[in-house]
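Written below as structure tokens is the structure these notes are about.
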Amino acid sequence: MIPDRHGNDPVAVARSAHPGLVLLALAMGGFAIGTTEFATMSLLPYFAAGLGIDEPTAGHVISAYALGVVVGAPVIAVLGAAVARRTLLIGLMAVFAAANVLSALAPTYGWMLVFRFLSGLPHGAYFGVAALMAASLVPPHRRAQAVARTMLGLTVATILGVPLANGIGQMLGWRWGFGVVGLLALLTVALVWAYAPTQAPQAGASPLRELGALKRRQVWLTLGIGAIGFGGIFAVYTYVASTLMAVTQVPPHAVPIVLSVFGCGMTAGTLAVAWAADRALMPTVGGVLLWSAASLALYPFAAGNIWAVSLVVFLIGGGGGLGAALQTRLMDVADDAQTLAAALNHSAFNAANALGPWLGGMAIAAGWGWTSTGWVGCALALGGFAVWAVAVIDERLTAARDAARDAVVTEAA
């Protein structure tokens with residue numbers, strides 16, 4: 001059997017483990033990552049009080065994690081290009097576990113920033129390598145759905161993991177919320193060790209070849225779509241717990257329920273968008289961005305009523321399906337620099353995770369109110385759509401230019 005574009009023998013990979021078990025193991029890592037990424041936002045009022053800082057300042061803790069992802073994803077992807085994927089995934093989850101335990105023990109705000117930065121370092125590389133492993137297990141026309149199933153761990157975390165961590169944080173203290181994530185990461189290490197196939201590094205893989213992804217304009221445009229367009233969701237989600245208590249005026253025990261509603265929307269969106277992306281990839285990406293812009297614009301009007309805001313939060317969560325679609329797009333435009341491109345997708349999303357809370361926090365600090373994050377989010381989603389439009393036009397112009405050149409060569413021959 002001829003190896004696939006990732007350097008793996010499809011028969012050997014299929015025989016090494018049942019694809020469903022592999023995807024389950026990979027999704028557990030996503031569950032751990034999603035729990036800490038989103039639970040940190042929901043625990044923001046509690047660790048802000050515990051560390052003696054105000055809530056806008058506490059938002060910098062979230063940005064520190066996002067910065068860790070932005071830095072860690074490309075560095076680890078390049079340096080780990082020649083490392084077997086299974087080995088790399090296990091190592092990344094072990095580091096992630098240790099950093100989250102340290103976050104639970106952070107004595108001051110300064111140390112919390114450091115430990116959250118360290119926690120973010122493995123995030124992008126883990127998802128990138130996991131996506132490539134998932135894609136190698138299925139036929140090409142099902143790649144987006146395989147990637148989505150890996151990322152379902154993250155979306156399910158917003159339904160189960162985040163409310164669990166938030167509830168534990170309320171009952172036992174916010175530090176326990178981070179401790180639980182450490183245990184989930186250790187469980188992932190065990191599952192990946194048991195079920196993930198042993199895949200040799202891609203033939204000819206090297207740090208220099210991975211850096212070749214940075215020369216491709218469509219790679220940068222795809223990353224720009226995520227870095228800007230996904231920021232809208234984070235602008236709202238970061239402060240949704242505070243908005244629910246200050247504007248909607250719900251009791252604290254109702255907050256995890258609304259967060260679960262967001263998770264349900266994100267899970268449904270991931271499945272639906274992946275199905276559509278396997279049929280029409282770029283049109284699906286554009287449609288998701290417009291969906292996000294519309295639902296985020298509804299948020300300020302719905303925030304005063306628990307039923308209305310729950311519905312809108314569900315719709316906003318549906319925009320989370322953008323992740324799997326852009327991950328698949330990067331596989332198409334990265335050529336032989338797959339690992340770096342796949343990891344950079346999560347750098348882009350966590351640039352959005354830094355940008356969204358920062359801009360949302362600025363709007364709140366300026367006195368525009370908690371619901372102003374909806375307008376900030378809408379603007380970011382539309383910004384992502386603008387980058388998408390540039391990418392589509394650029395691709396069509398490039399295709400037309402190449403076709404014209406080929407026609408000239410053929411005619412000359």
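Residues are named by chain letter and number: chains run A, B, ... in the order of the structure tokens, numbers start at 1 in each chain, and ligands are numbered from 1 in the order shown.
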Quiz prompt | Nearby residues (only C-alpha atoms) at most 8 Å from His123 (chain A), same-chain spacing under 4 positions excluded, as an NGL selection string | solution = :A and (33 or 69 or 72-73 or 92 or 96 or 119 or 127 or 346)
Write the residues you've just listed into a file as a PDB file, in the first residue's frame, and include C-alpha atoms for each of them.
```
ATOM      1  CA  ILE A  33      -8.055  21.549  27.188  1.00  0.00           C
ATOM      2  CA  VAL A  69      -0.889  28.876  22.847  1.00  0.00           C
ATOM      3  CA  GLY A  72       3.849  27.291  21.922  1.00  0.00           C
ATOM      4  CA  ALA A  73       2.036  26.042  18.839  1.00  0.00           C
ATOM      5  CA  LEU A  92       2.329  17.493  25.455  1.00  0.00           C
ATOM      6  CA  PHE A  96      -0.307  20.315  30.294  1.00  0.00           C
ATOM      7  CA  SER A 119      -0.546  25.722  30.481  1.00  0.00           C
ATOM      8  CA  PHE A 127      -4.772  19.873  18.654  1.00  0.00           C
ATOM      9  CA  HIS A 346      -4.895  27.073  17.348  1.00  0.00           C
TER      10      HIS A 346
END
```
Quiz item: Could you write out, as a PyMOL selection string, all the residues of region 179-403 of chain A that DSSP marks as alpha helix (DSSP H)?
Solution: chain A and resi 179-195+207-210+217-229+231-237+240-243+255-277+281-302+306-318+322-333+338-363+372-403
Quiz item: Can you list, as an NGL selection string, every protein, DNA or RNA residue that comes within 6 Å of region 143-155 of chain A when you count only C-alpha atoms, leaving out same-chain residues fewer than 3 positions away?
Solution: :A and (23 or 26-28 or 30-31 or 34 or 131 or 134-135 or 140 or 158 or 263 or 266-267 or 274 or 278 or 324 or 328)
Residues from last step as file, all heavy atoms, as a compact mmCIF listing (two decimals), in the first residue's frame:
```txt
# COMPACT_ATOMS: atom_id res chain seq x y z
N LEU A 23 -9.99 8.15 18.16
CA LEU A 23 -10.66 9.45 18.23
C LEU A 23 -11.14 9.75 19.64
O LEU A 23 -11.11 10.91 20.07
CB LEU A 23 -11.84 9.48 17.25
CG LEU A 23 -11.46 9.44 15.76
CD1 LEU A 23 -12.71 9.38 14.90
CD2 LEU A 23 -10.61 10.64 15.38
N LEU A 26 -8.07 10.90 21.59
CA LEU A 26 -7.70 12.26 21.20
C LEU A 26 -8.70 13.28 21.72
O LEU A 26 -8.34 14.38 22.15
CB LEU A 26 -7.61 12.35 19.67
CG LEU A 26 -6.56 11.45 19.01
CD1 LEU A 26 -6.65 11.57 17.49
CD2 LEU A 26 -5.15 11.80 19.49
N ALA A 27 -9.99 12.91 21.68
CA ALA A 27 -11.03 13.82 22.15
C ALA A 27 -10.93 14.06 23.66
O ALA A 27 -11.29 15.14 24.14
CB ALA A 27 -12.41 13.27 21.81
N MET A 28 -10.44 13.09 24.41
CA MET A 28 -10.28 13.30 25.85
C MET A 28 -9.28 14.42 26.13
O MET A 28 -9.46 15.22 27.06
CB MET A 28 -9.81 12.01 26.52
CG MET A 28 -9.61 12.14 28.04
SD MET A 28 -11.07 12.75 28.92
CE MET A 28 -12.18 11.34 28.74
N GLY A 30 -8.85 16.95 24.14
CA GLY A 30 -9.63 18.15 23.85
C GLY A 30 -10.56 18.50 24.99
O GLY A 30 -10.80 19.68 25.27
N PHE A 31 -11.11 17.48 25.65
CA PHE A 31 -11.98 17.71 26.79
C PHE A 31 -11.23 18.40 27.92
O PHE A 31 -11.73 19.35 28.54
CB PHE A 31 -12.56 16.38 27.28
CG PHE A 31 -13.55 16.50 28.40
CD1 PHE A 31 -14.85 16.89 28.15
CD2 PHE A 31 -13.18 16.22 29.70
CE1 PHE A 31 -15.77 16.99 29.19
CE2 PHE A 31 -14.08 16.31 30.74
CZ PHE A 31 -15.39 16.71 30.48
N GLY A 34 -10.39 21.99 26.67
CA GLY A 34 -11.59 22.82 26.64
C GLY A 34 -12.08 23.18 28.02
O GLY A 34 -12.56 24.30 28.26
N ALA A 131 -5.30 16.45 15.11
CA ALA A 131 -6.10 16.59 13.89
C ALA A 131 -5.47 15.84 12.74
O ALA A 131 -6.16 15.18 11.94
CB ALA A 131 -6.26 18.07 13.54
N ALA A 134 -6.08 12.16 13.29
CA ALA A 134 -7.48 11.82 13.00
C ALA A 134 -7.73 11.77 11.50
O ALA A 134 -8.38 10.86 10.99
CB ALA A 134 -8.40 12.85 13.66
N ALA A 135 -7.19 12.74 10.75
CA ALA A 135 -7.39 12.79 9.31
C ALA A 135 -6.76 11.60 8.61
O ALA A 135 -7.25 11.15 7.56
CB ALA A 135 -6.83 14.09 8.74
N PRO A 140 -10.28 10.86 2.42
CA PRO A 140 -10.17 12.32 2.31
C PRO A 140 -11.49 13.06 2.41
O PRO A 140 -11.54 14.17 2.96
CB PRO A 140 -9.53 12.50 0.92
CG PRO A 140 -8.76 11.24 0.69
CD PRO A 140 -9.58 10.16 1.33
N THR A 158 -17.49 22.16 27.18
CA THR A 158 -18.31 23.33 27.50
C THR A 158 -19.69 22.93 28.04
O THR A 158 -20.37 23.75 28.65
CB THR A 158 -18.48 24.23 26.26
OG1 THR A 158 -19.15 23.50 25.23
CG2 THR A 158 -17.13 24.70 25.75
N GLY A 263 -22.37 25.28 25.41
CA GLY A 263 -21.69 24.06 24.99
C GLY A 263 -22.53 23.22 24.05
O GLY A 263 -22.01 22.65 23.08
N MET A 266 -22.29 24.81 20.71
CA MET A 266 -20.98 24.59 20.11
C MET A 266 -20.85 23.16 19.58
O MET A 266 -20.28 22.95 18.50
CB MET A 266 -19.89 24.86 21.15
CG MET A 266 -18.53 25.11 20.55
SD MET A 266 -17.35 25.66 21.82
CE MET A 266 -16.01 26.21 20.76
N THR A 267 -21.39 22.20 20.31
CA THR A 267 -21.34 20.81 19.86
C THR A 267 -22.17 20.62 18.60
O THR A 267 -21.73 20.01 17.62
CB THR A 267 -21.84 19.87 20.98
OG1 THR A 267 -21.01 20.04 22.13
CG2 THR A 267 -21.79 18.42 20.52
N ALA A 274 -18.96 20.65 10.24
CA ALA A 274 -18.06 19.65 9.67
C ALA A 274 -18.72 18.90 8.52
O ALA A 274 -18.09 18.65 7.48
CB ALA A 274 -17.63 18.66 10.76
N ASP A 278 -17.25 19.23 4.55
CA ASP A 278 -16.82 18.13 3.69
C ASP A 278 -17.47 18.20 2.31
O ASP A 278 -17.08 17.47 1.40
CB ASP A 278 -17.14 16.78 4.35
CG ASP A 278 -16.05 16.33 5.31
OD1 ASP A 278 -14.88 16.70 5.08
OD2 ASP A 278 -16.35 15.60 6.27
N ALA A 324 -13.11 23.38 13.20
CA ALA A 324 -12.85 22.19 12.39
C ALA A 324 -12.76 22.54 10.92
O ALA A 324 -11.96 21.96 10.18
CB ALA A 324 -13.94 21.15 12.64
N THR A 328 -9.37 21.97 8.52
CA THR A 328 -9.37 21.22 7.26
C THR A 328 -8.85 22.09 6.12
O THR A 328 -8.11 21.62 5.25
CB THR A 328 -10.79 20.74 6.94
OG1 THR A 328 -11.30 20.00 8.06
CG2 THR A 328 -10.79 19.84 5.71
```
Exercise. Considering only C-alpha atoms, return as an NGL selection string whatever protein or nucleic-acid residues lie within 12 Å of Tyr65 (chain A), sequence-local ones (same chain, fewer than 2 positions apart) excluded.
Key: :A and (33 or 36-38 or 40-41 or 58-63 or 67-72 or 96 or 99-100 or 103 or 112-124 or 347 or 349-354 or 357)
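Going from CA of Val219 (chain A) to CA of Ala381 (chain A) covers 19.0 Å.
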Quiz item: Could you pull the residues within 10 Å of Leu21 (chain A), counting only C-alpha atoms, minus those fewer than 3 positions along the same chain, as a ChimeraX atom specification?
Solution: /A:17-18,24-27,191-192,194-196
Quiz item: Which is closest to Leu221 (chain A) among A:Asp402, A:Leu326, A:Gly361, A:Val22, if we use only C-alpha atoms?
Solution: A:Leu326
Quiz prompt | Near-region 388-395 of chain A list (8 Å; only C-alpha atoms; drop same-chain fewer than 6 positions) as number ranges by chain | solution = A: 218, 221-222, 225, 282, 285-286
Just to be explicit: take each residue in the selection above, keep N, CA, C and O atoms, and write the result as a PDB file, in the first residue's frame.
```pdb
ATOM      1  N   GLN A 218      -2.176  31.824   1.317  1.00  0.00           N
ATOM      2  CA  GLN A 218      -3.462  31.290   1.754  1.00  0.00           C
ATOM      3  C   GLN A 218      -3.409  30.750   3.185  1.00  0.00           C
ATOM      4  O   GLN A 218      -4.410  30.760   3.893  1.00  0.00           O
ATOM      5  N   LEU A 221      -3.897  33.897   5.287  1.00  0.00           N
ATOM      6  CA  LEU A 221      -5.275  34.380   5.211  1.00  0.00           C
ATOM      7  C   LEU A 221      -6.208  33.488   6.029  1.00  0.00           C
ATOM      8  O   LEU A 221      -7.108  33.976   6.723  1.00  0.00           O
ATOM      9  N   THR A 222      -5.996  32.173   5.964  1.00  0.00           N
ATOM     10  CA  THR A 222      -6.825  31.264   6.752  1.00  0.00           C
ATOM     11  C   THR A 222      -6.634  31.502   8.240  1.00  0.00           C
ATOM     12  O   THR A 222      -7.599  31.519   9.022  1.00  0.00           O
ATOM     13  N   ILE A 225      -8.500  34.630   9.295  1.00  0.00           N
ATOM     14  CA  ILE A 225      -9.940  34.424   9.480  1.00  0.00           C
ATOM     15  C   ILE A 225     -10.231  33.991  10.914  1.00  0.00           C
ATOM     16  O   ILE A 225     -11.127  34.516  11.575  1.00  0.00           O
ATOM     17  N   MET A 282     -15.093  26.354   1.795  1.00  0.00           N
ATOM     18  CA  MET A 282     -15.011  27.803   1.979  1.00  0.00           C
ATOM     19  C   MET A 282     -16.376  28.488   2.076  1.00  0.00           C
ATOM     20  O   MET A 282     -16.541  29.417   2.881  1.00  0.00           O
ATOM     21  N   VAL A 285     -17.353  28.192   5.651  1.00  0.00           N
ATOM     22  CA  VAL A 285     -16.621  29.108   6.532  1.00  0.00           C
ATOM     23  C   VAL A 285     -17.256  30.499   6.501  1.00  0.00           C
ATOM     24  O   VAL A 285     -17.492  31.118   7.553  1.00  0.00           O
ATOM     25  N   GLY A 286     -17.557  31.003   5.312  1.00  0.00           N
ATOM     26  CA  GLY A 286     -18.188  32.308   5.206  1.00  0.00           C
ATOM     27  C   GLY A 286     -19.537  32.360   5.869  1.00  0.00           C
ATOM     28  O   GLY A 286     -19.885  33.337   6.558  1.00  0.00           O
TER      29      GLY A 286
END
```
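If you count only C-alpha atoms and ignore residues fewer than 5 places along the chain from region 175-185 of chain A, what sits within 6 Å of it is Ala32, Met93, Ala97, Asn100, Val101, Ala104, Ala165 and Gly169 of chain A.
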Output N, CA and C atoms of each residue in that selection to a file, as a PDB file, in the first residue's frame.
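The resulting file, selection.pdb, is reproduced below:
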```
ATOM      1  N   ALA A  32     -10.014  17.936  28.194  1.00  0.00           N
ATOM      2  CA  ALA A  32      -9.203  18.553  29.246  1.00  0.00           C
ATOM      3  C   ALA A  32      -8.848  19.994  28.882  1.00  0.00           C
ATOM      4  N   MET A  93       0.589  16.319  26.679  1.00  0.00           N
ATOM      5  CA  MET A  93      -0.431  16.196  27.731  1.00  0.00           C
ATOM      6  C   MET A  93       0.191  16.108  29.117  1.00  0.00           C
ATOM      7  N   ALA A  97      -0.735  18.706  32.084  1.00  0.00           N
ATOM      8  CA  ALA A  97      -1.190  18.280  33.412  1.00  0.00           C
ATOM      9  C   ALA A  97      -0.415  19.000  34.507  1.00  0.00           C
ATOM     10  N   ASN A 100      -1.306  22.793  34.855  1.00  0.00           N
ATOM     11  CA  ASN A 100      -2.609  23.071  35.465  1.00  0.00           C
ATOM     12  C   ASN A 100      -2.604  22.814  36.966  1.00  0.00           C
ATOM     13  N   VAL A 101      -1.848  21.813  37.399  1.00  0.00           N
ATOM     14  CA  VAL A 101      -1.711  21.593  38.846  1.00  0.00           C
ATOM     15  C   VAL A 101      -1.008  22.787  39.487  1.00  0.00           C
ATOM     16  N   ALA A 104      -3.370  25.597  39.975  1.00  0.00           N
ATOM     17  CA  ALA A 104      -4.211  25.409  41.157  1.00  0.00           C
ATOM     18  C   ALA A 104      -3.499  25.842  42.433  1.00  0.00           C
ATOM     19  N   ALA A 165     -16.370  22.125  36.513  1.00  0.00           N
ATOM     20  CA  ALA A 165     -15.297  22.911  37.129  1.00  0.00           C
ATOM     21  C   ALA A 165     -15.849  24.151  37.820  1.00  0.00           C
ATOM     22  N   GLY A 169     -15.636  24.868  41.654  1.00  0.00           N
ATOM     23  CA  GLY A 169     -15.033  26.135  42.072  1.00  0.00           C
ATOM     24  C   GLY A 169     -15.900  26.878  43.062  1.00  0.00           C
TER      25      GLY A 169
END
```
